[in-house]
file work_8.txt (compact mmCIF, C-alpha atoms)
# COMPACT_ATOMS: atom_id res chain seq x y z
CA MET A 1 88.16 160.79 74.09
CA ARG A 2 87.24 160.43 77.75
CA HIS A 3 84.79 157.67 76.86
CA ILE A 4 87.39 155.88 74.80
CA ARG A 5 89.95 156.26 77.63
CA PHE A 6 87.44 154.73 80.03
CA LEU A 7 87.01 151.79 77.72
CA LEU A 8 90.76 151.33 77.52
CA ILE A 9 91.03 151.43 81.29
CA PHE A 10 88.17 148.99 81.58
CA LEU A 11 89.56 146.61 78.99
CA SER A 12 93.08 146.66 80.32
CA PRO A 13 92.34 144.79 83.54
CA GLY A 14 90.16 142.45 81.51
CA CYS A 15 93.07 141.67 79.28
CA ILE A 16 95.19 140.98 82.35
CA ILE A 17 92.58 138.61 83.73
CA VAL A 18 92.32 136.77 80.45
CA THR A 19 96.10 136.59 80.28
CA ASP A 20 96.26 135.22 83.83
CA LEU A 21 93.70 132.58 82.97
CA MET A 22 95.66 131.62 79.89
CA ILE A 23 98.87 131.38 81.92
CA GLU A 24 97.14 129.17 84.48
CA LYS A 25 95.69 127.03 81.70
CA ASN A 26 99.11 126.73 80.08
CA LYS A 27 100.56 125.60 83.40
CA LYS A 28 97.98 122.84 83.61
CA VAL A 29 98.63 121.83 80.02
CA GLN A 30 102.36 121.79 80.77
CA LYS A 31 101.78 119.57 83.83
CA MET A 32 99.62 117.26 81.76
CA THR A 33 102.26 117.16 79.05
CA ASN A 34 104.83 116.09 81.68
CA PHE A 35 102.57 113.25 82.80
CA ASN A 36 102.12 112.17 79.20
CA GLU A 37 105.87 112.29 78.76
CA ILE A 38 106.62 110.07 81.77
CA ALA A 39 103.89 107.66 80.65
CA LEU A 40 105.54 107.48 77.24
CA LYS A 41 108.94 106.89 78.84
CA LEU A 42 107.53 104.06 80.95
CA ARG A 43 106.15 102.37 77.87
CA SER A 44 109.64 102.51 76.33
CA LEU A 45 111.23 100.41 79.11
CA VAL A 46 113.12 97.28 78.07
CA LEU A 47 115.02 95.90 81.07
CA PHE A 48 112.32 96.86 83.56
CA ARG A 49 109.43 96.22 81.20
CA SER A 50 107.67 93.92 83.66
CA ILE A 51 106.78 96.98 85.75
CA LEU A 52 104.10 97.79 83.19
CA GLY A 53 102.18 94.77 84.46
CA ASP A 54 102.62 95.77 88.11
CA GLY A 55 99.31 96.66 89.76
CA VAL A 56 100.43 99.99 91.24
CA THR A 57 102.26 101.21 88.13
CA LYS A 58 99.46 100.09 85.85
CA ARG A 59 96.97 102.14 87.86
CA PHE A 60 99.25 105.17 87.74
CA LEU A 61 99.41 104.93 83.95
CA MET A 62 95.63 104.72 83.78
CA LEU A 63 95.45 107.84 85.94
CA THR A 64 97.86 109.81 83.74
CA ASP A 65 95.97 108.74 80.62
CA SER A 66 92.75 110.08 82.14
CA LEU A 67 94.15 113.53 83.01
CA GLU A 68 94.24 114.70 79.40
CA LYS A 69 90.53 114.00 78.99
CA GLY A 70 89.63 116.30 81.89
CA ASP A 71 86.84 114.06 83.18
CA ALA A 72 86.87 114.80 86.93
CA ALA A 73 84.82 111.76 87.92
CA VAL A 74 87.09 109.35 86.04
CA SER A 75 90.30 110.99 87.26
CA VAL A 76 89.18 111.10 90.89
CA GLY A 77 88.22 107.44 90.77
CA LEU A 78 91.53 106.44 89.20
CA TYR A 79 93.46 108.60 91.69
CA ALA A 80 91.75 106.83 94.58
CA ASP A 81 92.29 103.45 92.91
CA PHE A 82 96.00 104.16 92.54
CA CYS A 83 96.36 105.30 96.16
CA SER A 84 94.52 102.21 97.37
CA ALA A 85 96.92 99.93 95.48
CA LEU A 86 99.99 101.87 96.65
CA PHE A 87 98.93 102.11 100.30
CA ALA A 88 98.60 98.33 100.45
CA HIS A 89 102.44 98.35 100.29
CA GLY A 90 103.10 101.66 102.05
CA THR A 91 102.61 105.36 101.37
CA ASP A 92 106.00 106.04 99.73
CA PHE A 93 105.73 105.92 95.94
CA GLY A 94 109.46 106.43 95.42
CA ALA A 95 110.37 103.62 97.83
CA TYR A 96 107.87 101.31 96.14
CA ILE A 97 109.31 101.90 92.65
CA LEU A 98 112.89 101.50 93.92
CA ASP A 99 111.99 98.28 95.73
CA TYR A 100 110.40 96.94 92.54
CA ALA A 101 113.53 97.74 90.55
CA LEU A 102 115.76 96.00 93.11
CA GLN A 103 113.66 92.83 93.00
CA ASP A 104 113.09 92.68 89.25
CA GLU A 105 114.81 89.68 87.62
CA ASN A 106 115.96 91.43 84.44
CA LEU A 107 118.75 90.53 82.03
CA TYR A 108 121.29 92.90 83.57
CA MET A 109 120.74 91.49 87.07
CA LEU A 110 120.98 87.88 85.90
CA LYS A 111 124.26 88.58 84.08
CA ARG A 112 125.70 90.26 87.16
CA ALA A 113 124.61 87.29 89.29
CA GLN A 114 126.39 84.88 86.94
CA GLU A 115 129.42 87.18 86.70
CA LYS A 116 129.08 87.51 82.93
CA ALA A 117 130.40 90.43 80.89
CA ILE A 118 127.93 93.30 80.51
CA GLU A 119 127.73 94.80 77.02
CA ALA A 120 127.88 98.59 76.61
CA PRO A 121 124.32 98.88 75.18
CA LEU A 122 123.01 97.00 78.21
CA LYS A 123 124.83 99.33 80.61
CA ALA A 124 123.48 102.39 78.81
CA CYS A 125 119.97 100.93 78.85
CA LEU A 126 120.18 100.34 82.60
CA GLN A 127 121.34 103.90 83.32
CA ALA A 128 118.57 105.45 81.21
CA GLU A 129 115.82 103.27 82.65
CA LEU A 130 116.85 103.83 86.27
CA ALA A 131 116.61 107.57 85.57
CA ILE A 132 113.08 107.06 84.20
CA LEU A 133 112.05 105.04 87.28
CA GLN A 134 113.50 107.71 89.57
CA GLU A 135 111.53 110.36 87.68
CA LEU A 136 108.38 108.26 88.13
CA GLY A 137 108.98 107.80 91.85
CA SER A 138 109.55 111.55 92.27
CA ILE A 139 106.09 112.57 91.01
CA LYS A 140 104.27 114.30 93.85
CA SER A 141 100.62 113.86 94.71
CA ALA A 142 100.12 117.65 94.75
CA ASP A 143 101.23 117.88 91.12
CA VAL A 144 98.63 115.32 90.08
CA ARG A 145 95.82 116.84 92.14
CA ARG A 146 96.56 120.27 90.63
CA VAL A 147 95.33 119.17 87.21
CA ILE A 148 92.22 117.36 88.46
CA PRO A 149 89.17 119.71 88.52
CA TYR A 150 88.03 118.57 91.97
CA GLU A 151 88.05 120.54 95.26
CA GLY A 152 87.34 117.63 97.63
CA PHE A 153 89.83 115.58 99.64
CA LEU A 154 92.34 113.34 97.89
CA PRO A 155 95.17 111.73 99.92
CA ASP A 156 98.84 112.52 99.58
CA TRP A 157 101.63 110.00 99.07
CA ASP A 158 105.31 110.28 100.01
CA ASN A 159 108.40 110.38 97.79
CA SER A 160 111.80 109.13 98.99
CA ALA A 161 114.70 111.25 97.80
CA LYS A 162 117.12 108.46 96.84
CA ASP A 163 119.58 108.02 94.03
CA PHE A 164 118.17 104.98 92.21
CA THR A 165 121.38 104.34 90.25
CA ALA A 166 123.62 104.46 93.34
CA VAL A 167 121.34 102.19 95.39
CA TYR A 168 120.89 99.75 92.50
CA MET A 169 124.62 99.45 91.78
CA GLU A 170 125.37 98.98 95.47
CA ARG A 171 122.86 96.13 95.54
CA MET A 172 124.49 94.57 92.48
CA ASP A 173 127.83 94.59 94.30
CA LYS A 174 126.21 92.55 97.10
CA ILE A 175 124.15 90.26 94.89
CA ARG A 176 126.03 87.11 95.96
CA THR A 177 124.84 87.50 99.55
CA HIS A 178 121.67 89.55 99.12
CA GLY A 179 120.30 87.78 96.04
CA TYR A 180 117.68 89.03 93.63
CA GLY A 181 113.96 88.64 92.98
CA ILE A 182 111.97 87.02 95.78
CA PHE A 183 115.21 85.68 97.27
CA ALA A 184 116.29 89.24 98.05
CA LYS A 185 113.18 89.90 100.13
CA TYR A 186 112.59 86.54 101.85
CA HIS A 187 114.84 83.78 103.13
CA MET A 188 112.43 80.89 103.75
CA PHE A 189 110.23 79.28 101.10
CA THR A 190 107.88 76.40 100.39
CA VAL A 191 106.96 74.73 97.11
CA SER A 192 103.49 74.89 95.58
CA GLY A 193 103.19 72.83 92.41
CA SER A 194 106.37 73.79 90.59
CA ARG A 195 106.52 77.31 92.08
CA ILE A 196 108.75 78.51 94.90
CA VAL A 197 106.56 80.48 97.33
CA PRO A 198 107.97 82.81 100.02
CA VAL A 199 107.11 82.28 103.68
CA ARG A 200 106.06 85.76 104.76
CA TYR A 201 106.06 85.00 108.49
CA PRO A 202 108.77 82.37 109.05
CA ASP A 203 109.78 80.60 112.25
CA GLU A 204 112.16 83.08 113.91
CA THR A 205 114.07 80.56 116.06
CA ARG A 206 117.72 81.52 116.51
CA LEU A 207 120.65 79.37 117.58
CA SER A 208 120.77 81.36 120.81
CA ASP A 209 117.22 80.15 121.59
CA LEU A 210 118.35 76.50 121.63
CA SER A 211 120.08 74.69 124.47
CA GLY A 212 121.97 71.42 124.62
CA TYR A 213 123.15 69.31 121.67
CA SER A 214 126.05 71.71 121.07
CA TRP A 215 128.17 69.08 119.31
CA GLU A 216 125.29 68.03 117.05
CA ARG A 217 124.54 71.62 116.11
CA LYS A 218 128.20 72.34 115.47
CA CYS A 219 128.21 69.56 112.87
CA VAL A 220 125.26 71.18 111.09
CA ILE A 221 126.80 74.66 111.35
CA ASP A 222 130.19 73.53 110.04
CA ASN A 223 128.58 71.81 107.06
CA THR A 224 126.49 74.92 106.34
CA LEU A 225 129.54 77.16 106.51
CA ALA A 226 131.27 74.89 103.99
CA LEU A 227 128.27 75.34 101.67
CA LEU A 228 128.40 79.14 102.08
CA GLU A 229 132.13 79.23 101.39
CA GLY A 230 131.83 77.19 98.20
CA LYS A 231 133.51 74.13 99.71
CA PRO A 232 132.16 70.57 99.35
CA ALA A 233 129.11 70.24 101.62
CA ALA A 234 127.30 67.03 102.49
CA ASN A 235 123.62 66.20 102.37
CA VAL A 236 122.57 65.93 106.03
CA LEU A 237 120.23 63.56 107.86
CA LEU A 238 119.23 64.61 111.37
CA TYR A 239 117.52 61.69 113.05
CA GLY A 240 116.48 60.88 116.59
CA ASP A 241 113.69 61.09 119.11
CA SER A 242 110.74 63.39 118.65
CA GLY A 243 111.06 66.87 120.16
CA THR A 244 114.84 66.91 120.38
CA GLY A 245 115.26 69.99 118.17
CA LYS A 246 116.13 68.56 114.77
CA SER A 247 113.84 70.83 112.75
CA SER A 248 114.52 73.80 115.03
CA THR A 249 118.25 73.38 114.41
CA VAL A 250 117.81 73.56 110.62
CA LYS A 251 115.54 76.61 110.80
CA ALA A 252 117.80 78.36 113.32
CA VAL A 253 120.80 77.81 111.04
CA ALA A 254 118.83 79.24 108.11
CA ASN A 255 117.92 82.33 110.15
CA GLU A 256 121.47 82.77 111.43
CA PHE A 257 123.15 82.68 108.02
CA ALA A 258 120.50 84.40 105.88
CA PRO A 259 122.56 87.65 105.81
CA ARG A 260 125.44 85.64 104.32
CA GLY A 261 123.33 84.41 101.41
CA LEU A 262 121.66 81.26 102.77
CA ARG A 263 118.05 80.43 101.80
CA LEU A 264 115.86 77.52 102.94
CA ILE A 265 113.23 75.83 100.76
CA GLU A 266 110.99 73.35 102.58
CA ILE A 267 109.74 70.43 100.50
CA LYS A 268 107.11 67.87 101.45
CA LYS A 269 107.81 64.20 100.85
CA LYS A 270 105.26 64.04 98.05
CA GLN A 271 107.10 66.87 96.26
CA LEU A 272 110.43 65.05 95.99
CA ARG A 273 110.00 64.63 92.25
CA GLU A 274 110.05 68.42 91.94
CA ILE A 275 113.62 68.58 93.26
CA PRO A 276 115.47 68.05 89.93
CA ALA A 277 113.55 70.96 88.36
CA LEU A 278 114.24 73.11 91.42
CA ILE A 279 117.93 72.28 91.30
CA GLU A 280 118.07 73.23 87.63
CA SER A 281 116.38 76.58 88.28
CA LEU A 282 118.56 77.35 91.31
CA GLY A 283 121.86 76.09 89.93
CA LYS A 284 122.99 79.44 88.50
CA ASN A 285 121.72 81.50 91.44
CA PRO A 286 124.59 83.12 93.40
CA LEU A 287 122.92 82.29 96.72
CA LYS A 288 123.23 79.02 98.67
CA PHE A 289 120.21 76.82 99.32
CA ILE A 290 119.09 74.19 101.81
CA LEU A 291 116.34 71.91 100.49
CA PHE A 292 114.66 70.96 103.76
CA ILE A 293 112.60 67.76 104.11
CA ASP A 294 111.01 67.46 107.55
CA ASP A 295 109.90 64.20 109.18
CA LEU A 296 111.04 61.98 106.33
CA SER A 297 110.09 58.28 106.15
CA PHE A 298 108.96 55.80 103.49
CA THR A 299 107.06 52.58 103.12
CA LYS A 300 108.84 49.81 101.23
CA ASP A 301 106.82 50.33 98.02
CA ASP A 302 106.79 54.14 98.18
CA ASP A 303 107.34 55.63 94.70
CA ASP A 304 109.04 58.68 96.22
CA PHE A 305 111.80 56.46 97.61
CA GLY A 306 113.44 56.15 94.21
CA ALA A 307 113.22 59.89 93.56
CA LEU A 308 115.17 60.77 96.71
CA LYS A 309 117.64 57.93 96.15
CA ALA A 310 118.48 59.27 92.67
CA ILE A 311 118.99 62.78 94.04
CA LEU A 312 121.28 61.64 96.85
CA GLU A 313 123.28 59.36 94.57
CA GLY A 314 123.88 62.16 92.11
CA SER A 315 121.90 61.68 88.92
CA VAL A 316 122.77 63.78 85.86
CA SER A 317 121.06 66.98 87.09
CA ALA A 318 120.71 66.12 90.75
CA ARG A 319 123.31 68.28 92.46
CA THR A 320 124.94 71.67 92.23
CA SER A 321 127.59 73.23 94.44
CA ASN A 322 125.19 75.86 95.84
CA LEU A 323 122.67 73.42 97.28
CA ALA A 324 122.41 70.68 99.93
CA VAL A 325 119.56 68.49 101.15
CA TYR A 326 118.85 68.59 104.91
CA ALA A 327 116.30 66.02 106.14
CA THR A 328 114.97 65.15 109.58
CA SER A 329 113.51 61.80 110.61
CA ASN A 330 112.56 59.85 113.71
CA ARG A 331 113.79 56.69 111.94
CA ARG A 332 117.43 55.80 111.40
CA HIS A 333 116.78 53.76 108.24
CA LEU A 334 113.95 55.99 106.90
CA VAL A 335 112.02 53.01 105.45
CA ARG A 336 109.33 51.37 107.54
CA GLU A 337 110.04 47.66 107.53
CA THR A 338 108.19 44.73 109.13
CA PHE A 339 109.46 41.22 109.86
CA SER A 340 107.18 39.94 107.11
CA ASP A 341 109.06 42.14 104.65
CA ARG A 342 112.10 39.91 105.19
CA GLU A 343 110.13 36.82 104.26
CA GLY A 344 108.56 35.82 100.98
CA ASP A 345 109.61 34.17 97.77
CA GLU A 346 111.98 36.76 96.29
CA VAL A 347 115.20 35.04 95.20
CA HIS A 348 117.49 37.93 96.14
CA ALA A 349 115.50 39.18 99.12
CA ASN A 350 118.59 40.28 100.99
CA ASP A 351 119.54 42.67 98.18
CA THR A 352 116.12 44.33 98.44
CA VAL A 353 116.37 44.61 102.22
CA GLN A 354 119.82 46.23 101.96
CA GLN A 355 118.52 48.70 99.37
CA LEU A 356 115.72 49.75 101.70
CA VAL A 357 117.74 50.12 104.88
CA SER A 358 120.74 51.82 103.26
CA LEU A 359 118.99 54.96 102.01
CA SER A 360 120.14 56.89 105.07
CA ASP A 361 123.74 55.93 104.25
CA ARG A 362 123.48 58.00 101.09
CA PHE A 363 123.43 61.15 103.21
CA GLY A 364 127.01 62.27 103.56
CA LEU A 365 126.46 63.37 107.16
CA THR A 366 124.15 61.69 109.67
CA ILE A 367 123.65 63.35 113.06
CA THR A 368 121.85 61.69 115.96
CA PHE A 369 119.64 63.65 118.38
CA SER A 370 118.97 61.30 121.33
CA ARG A 371 116.45 61.92 124.09
CA PRO A 372 118.20 63.83 126.91
CA ASP A 373 118.94 62.28 130.29
CA LYS A 374 117.78 63.97 133.49
CA ALA A 375 120.84 66.19 133.88
CA GLN A 376 120.72 67.39 130.26
CA TYR A 377 116.97 67.97 130.45
CA LEU A 378 117.26 70.10 133.61
CA SER A 379 120.14 72.02 132.05
CA ILE A 380 117.86 72.88 129.12
CA VAL A 381 115.10 73.90 131.54
CA SER A 382 117.52 76.17 133.42
CA TYR A 383 118.77 77.82 130.19
CA LEU A 384 115.27 78.47 128.84
CA ALA A 385 114.04 79.75 132.21
CA GLU A 386 116.73 82.44 132.13
CA LEU A 387 115.94 83.18 128.48
CA TYR A 388 112.22 83.61 129.29
CA GLY A 389 112.95 85.69 132.39
CA ILE A 390 111.31 83.21 134.81
CA ASP A 391 112.30 83.81 138.43
CA MET A 392 111.57 80.65 140.42
CA ASP A 393 113.40 78.70 143.08
CA GLU A 394 115.70 76.33 141.19
CA GLN A 395 114.74 73.19 143.06
CA GLU A 396 111.02 73.93 142.69
CA LEU A 397 111.56 74.66 138.98
CA TYR A 398 113.31 71.31 138.51
CA ARG A 399 110.67 69.44 140.49
CA GLN A 400 107.81 70.82 138.43
CA ALA A 401 109.75 70.30 135.19
CA GLU A 402 110.24 66.62 136.04
CA ILE A 403 106.55 66.17 136.85
CA TYR A 404 105.61 67.87 133.58
CA ALA A 405 107.94 65.56 131.62
CA LEU A 406 106.55 62.42 133.27
CA GLU A 407 103.00 63.50 132.42
CA ARG A 408 104.00 63.86 128.77
CA GLY A 409 105.81 60.59 128.32
CA GLY A 410 109.42 61.65 128.73
CA ARG A 411 112.03 64.41 128.65
CA SER A 412 112.90 66.44 125.56
CA PRO A 413 113.78 70.03 124.65
CA ARG A 414 110.25 70.45 123.27
CA VAL A 415 108.74 69.35 126.59
CA ALA A 416 111.05 71.76 128.44
CA LYS A 417 109.97 74.61 126.15
CA GLN A 418 106.27 73.78 126.57
CA PHE A 419 106.67 73.60 130.35
CA LEU A 420 108.33 77.03 130.58
CA GLU A 421 105.83 78.62 128.22
CA GLN A 422 103.07 77.36 130.54
CA VAL A 423 104.92 78.70 133.60
CA GLN A 424 105.37 82.03 131.86
CA SER A 425 101.69 82.23 130.86
CA ILE A 426 100.39 81.66 134.39
CA GLY A 427 103.01 83.98 135.89
CA VAL A 428 104.42 81.57 138.47
call {"tool": "encode", "arguments": {"input": "work_8.txt", "output": "structure tokens"}}
result
Amino acid sequence: MRHIRFLLIFLSPGCIIVTDLMIEKNKKVQKMTNFNEIALKLRSLVLFRSILGDGVTKRFLMLTDSLEKGDAAVSVGLYADFCSALFAHGTDFGAYILDYALQDENLYMLKRAQEKAIEAPLKACLQAELAILQELGSIKSADVRRVIPYEGFLPDWDNSAKDFTAVYMERMDKIRTHGYGIFAKYHMFTVSGSRIVPVRYPDETRLSDLSGYSWERKCVIDNTLALLEGKPAANVLLYGDSGTGKSSTVKAVANEFAPRGLRLIEIKKKQLREIPALIESLGKNPLKFILFIDDLSFTKDDDDFGALKAILEGSVSARTSNLAVYATSNRRHLVRETFSDREGDEVHANDTVQQLVSLSDRFGLTITFSRPDKAQYLSIVSYLAELYGIDMDEQELYRQAEIYALERGGRSPRVAKQFLEQVQSIGV
């Protein structure tokens, strides 16, 4: 009996150890089952289905798929691959998923932007899918590492504790000023082929950085405010001498009113034929857009001349109420014309000449930026000197500014800015 009792005592701890191992194994299986469940939920997405093609999310799914197989080498590699993709955008997984959801151009968002009725099934779908995305963004790195049979170092990631549904619905309430998709994240763009491409590091000029030309800028600002308020807004031509701040004015206005829903898309002259397609794609967007054409001019036989003329005159699809064309030029009549152009054997030559020189008249608002006189130039110099924190005797500052302008062929705001940047760099 004593021998049997000894065996029972010996086996009892063994049974406990085995039981503990089974419990620990069950915990791992349970964790793995949870990962499989969230992966299955992600693959059921409808509104946010595009997230399955996102690089970070795709790598996370590959990682979860590998956990069930228990291959440490594969799982470690996929874990590192996922972290590498995530860390390129930041270390917060929850913030990344929420940001993706806020930028995704799905059916619900487009209907809200166009103020259309939202069907009950669509509302229910949105609520369920936001809950799934929040569950995904809440997965902790420690929970994943716990089921990978590897004792070496693997990095952590963060998880923002935010209510996805509350944040998303708040954004929808502000969609007319904040926008959606790439227009929610950026406010300046260019065109590549037929694609609108964000400018990641735009010119940050503000209206407060500019001096002089207050009346001219007020005309641009007032027209832009009309556009933002849904009132009739004109296409604008800013013309005048080089370096007078035409382009800076347009960019400063875009920066100033971006929080109110203004976006700027810069188009090169050779891309003018892309404008009708752009207008069609932007027409139902709740934001307001400036199509910006810098340094515009044509030759008399330029094919792009007709494209712009049709847009300004209002062809069938050429204009919507949320968009205006702002162009800058050093030429009042936009078309380069020689005296020989007025000669020749064309019967109705005068009609052709008038067509060429009147393109600028098709802009509803034309604003002239003339080269400043001495007093205006020195006023600009004084304003920028204070802005740049330059402490110099006023008369000496003016004297050097005048010399600098003479060396560069004349006075202009650009020359004043270049002069003060040079003064600032040498620490005078």
call {"tool": "residues_around", "arguments": {"input": "work_8.txt", "residues": "A:Lys251", "least_positions_apart": "2", "cutoff": "10 Å", "atoms": "all atoms listed in the file", "output": "VMD selection string"}}
result
chain A and resid 188 202 to 207 245 to 249 253 to 256 264 266 290 292
call {"tool": "atom_distance", "arguments": {"input": "work_8.txt", "atom1": "atom CA of A:Gln395", "atom2": "atom CA of A:Ser370"}}
result
25.1 Å
call {"tool": "residues_around", "arguments": {"input": "work_8.txt", "residues": "stretch 119-127 of chain A", "least_positions_apart": "5", "cutoff": "8 Å", "atoms": "only C-alpha atoms", "output": "list in words"}}
result
Val46, Leu47, Tyr108 and Thr165 of chain A
call {"tool": "residues_near_point", "arguments": {"input": "work_8.txt", "point": "(119.3, 83.5, 104.3)", "cutoff": "12 Å", "atoms": "only C-alpha atoms", "output": "mmCIF file with C-alpha atoms, keeping the file's coordinate frame"}}
result
data_model
loop_
_atom_site.group_PDB
_atom_site.id
_atom_site.type_symbol
_atom_site.label_atom_id
_atom_site.label_comp_id
_atom_site.auth_asym_id
_atom_site.auth_seq_id
_atom_site.Cartn_x
_atom_site.Cartn_y
_atom_site.Cartn_z
ATOM 1 C CA ARG A 176 126.030 87.110 95.960
ATOM 2 C CA THR A 177 124.840 87.500 99.550
ATOM 3 C CA HIS A 178 121.670 89.550 99.120
ATOM 4 C CA GLY A 179 120.300 87.780 96.040
ATOM 5 C CA ILE A 182 111.970 87.020 95.780
ATOM 6 C CA PHE A 183 115.210 85.680 97.270
ATOM 7 C CA ALA A 184 116.290 89.240 98.050
ATOM 8 C CA LYS A 185 113.180 89.900 100.130
ATOM 9 C CA TYR A 186 112.590 86.540 101.850
ATOM 10 C CA HIS A 187 114.840 83.780 103.130
ATOM 11 C CA MET A 188 112.430 80.890 103.750
ATOM 12 C CA PHE A 189 110.230 79.280 101.100
ATOM 13 C CA PRO A 202 108.770 82.370 109.050
ATOM 14 C CA GLU A 204 112.160 83.080 113.910
ATOM 15 C CA THR A 224 126.490 74.920 106.340
ATOM 16 C CA LEU A 228 128.400 79.140 102.080
ATOM 17 C CA VAL A 250 117.810 73.560 110.620
ATOM 18 C CA LYS A 251 115.540 76.610 110.800
ATOM 19 C CA ALA A 252 117.800 78.360 113.320
ATOM 20 C CA VAL A 253 120.800 77.810 111.040
ATOM 21 C CA ALA A 254 118.830 79.240 108.110
ATOM 22 C CA ASN A 255 117.920 82.330 110.150
ATOM 23 C CA GLU A 256 121.470 82.770 111.430
ATOM 24 C CA PHE A 257 123.150 82.680 108.020
ATOM 25 C CA ALA A 258 120.500 84.400 105.880
ATOM 26 C CA PRO A 259 122.560 87.650 105.810
ATOM 27 C CA ARG A 260 125.440 85.640 104.320
ATOM 28 C CA GLY A 261 123.330 84.410 101.410
ATOM 29 C CA LEU A 262 121.660 81.260 102.770
ATOM 30 C CA ARG A 263 118.050 80.430 101.800
ATOM 31 C CA LEU A 264 115.860 77.520 102.940
ATOM 32 C CA ILE A 265 113.230 75.830 100.760
ATOM 33 C CA LEU A 287 122.920 82.290 96.720
ATOM 34 C CA LYS A 288 123.230 79.020 98.670
ATOM 35 C CA PHE A 289 120.210 76.820 99.320
ATOM 36 C CA ILE A 290 119.090 74.190 101.810
#
call {"tool": "atom_distance", "arguments": {"input": "work_8.txt", "atom1": "atom CA of A:Val220", "atom2": "atom CA of A:Pro413"}}
result
17.8 Å
call {"tool": "atom_distance", "arguments": {"input": "work_8.txt", "atom1": "atom CA of A:Lys417", "atom2": "atom CA of A:Gly240"}}
result
18.0 Å
call {"tool": "closest_atom_pairs", "arguments": {"input": "work_8.txt", "of": "stretch 190-233 of chain A", "to": "stretch 381-391 of chain A", "cutoff": "10 Å", "atoms": "only C-alpha atoms", "output": "JSON lines"}}
result
{"residue": "A:Ser208", "atom": "CA", "partner": "A:Leu387", "partner_atom": "CA", "distance": 9.2}
{"residue": "A:Asp209", "atom": "CA", "partner": "A:Leu387", "partner_atom": "CA", "distance": 7.6}
{"residue": "A:Leu210", "atom": "CA", "partner": "A:Leu384", "partner_atom": "CA", "distance": 8.1}
{"residue": "A:Ser211", "atom": "CA", "partner": "A:Tyr383", "partner_atom": "CA", "distance": 6.7}
{"residue": "A:Gly212", "atom": "CA", "partner": "A:Tyr383", "partner_atom": "CA", "distance": 9.1}
call {"tool": "residues_around", "arguments": {"input": "work_8.txt", "residues": "stretch 90-93 of chain A", "least_positions_apart": "5", "cutoff": "12 Å", "atoms": "only C-alpha atoms", "output": "CSV table (one decimal) with C-alpha atoms, in the frame of the given file"}}
result
chain,number,residue,atom,x,y,z
A,56,VAL,CA,100.4,100.0,91.2
A,57,THR,CA,102.3,101.2,88.1
A,60,PHE,CA,99.2,105.2,87.7
A,82,PHE,CA,96.0,104.2,92.5
A,83,CYS,CA,96.4,105.3,96.2
A,84,SER,CA,94.5,102.2,97.4
A,85,ALA,CA,96.9,99.9,95.5
A,98,LEU,CA,112.9,101.5,93.9
A,99,ASP,CA,112.0,98.3,95.7
A,100,TYR,CA,110.4,96.9,92.5
A,133,LEU,CA,112.0,105.0,87.3
A,134,GLN,CA,113.5,107.7,89.6
A,135,GLU,CA,111.5,110.4,87.7
A,136,LEU,CA,108.4,108.3,88.1
A,137,GLY,CA,109.0,107.8,91.8
A,138,SER,CA,109.6,111.6,92.3
A,139,ILE,CA,106.1,112.6,91.0
A,140,LYS,CA,104.3,114.3,93.8
A,141,SER,CA,100.6,113.9,94.7
A,155,PRO,CA,95.2,111.7,99.9
A,156,ASP,CA,98.8,112.5,99.6
A,157,TRP,CA,101.6,110.0,99.1
A,158,ASP,CA,105.3,110.3,100.0
A,159,ASN,CA,108.4,110.4,97.8
A,160,SER,CA,111.8,109.1,99.0
A,161,ALA,CA,114.7,111.2,97.8
A,162,LYS,CA,117.1,108.5,96.8
call {"tool": "closest_residue", "arguments": {"input": "work_8.txt", "among": "A:Val76, A:Asp81, A:Tyr150, A:Glu170", "to": "A:Leu102", "atoms": "all atoms listed in the file"}}
result
A:Glu170
call {"tool": "closest_atom_pairs", "arguments": {"input": "work_8.txt", "of": "stretch 115-233 of chain A", "to": "stretch 270-276 of chain A", "cutoff": "10 Å", "atoms": "only C-alpha atoms", "output": "JSON lines"}}
result
{"residue": "A:Val191", "atom": "CA", "partner": "A:Gln271", "partner_atom": "CA", "distance": 7.9}
{"residue": "A:Ser192", "atom": "CA", "partner": "A:Gln271", "partner_atom": "CA", "distance": 8.8}
{"residue": "A:Gly193", "atom": "CA", "partner": "A:Gln271", "partner_atom": "CA", "distance": 8.1}
{"residue": "A:Ser194", "atom": "CA", "partner": "A:Glu274", "partner_atom": "CA", "distance": 6.6}
{"residue": "A:Arg195", "atom": "CA", "partner": "A:Glu274", "partner_atom": "CA", "distance": 9.6}
call {"tool": "closest_residue", "arguments": {"input": "work_8.txt", "among": "A:Leu282, A:Ile175, A:Ala131, A:Ile311", "to": "A:Arg362", "atoms": "only C-alpha atoms"}}
result
A:Ile311
call {"tool": "residues_near_point", "arguments": {"input": "work_8.txt", "point": "(115.0, 89.3, 82.5)", "cutoff": "10 Å", "atoms": "only C-alpha atoms", "output": "ChimeraX atom specification"}}
result
/A:46-50,104-111
call {"tool": "closest_residue", "arguments": {"input": "work_8.txt", "among": "A:Gly230, A:Ser214, A:Ile196, A:Tyr398", "to": "A:Ala277", "atoms": "only C-alpha atoms"}}
result
A:Ile196
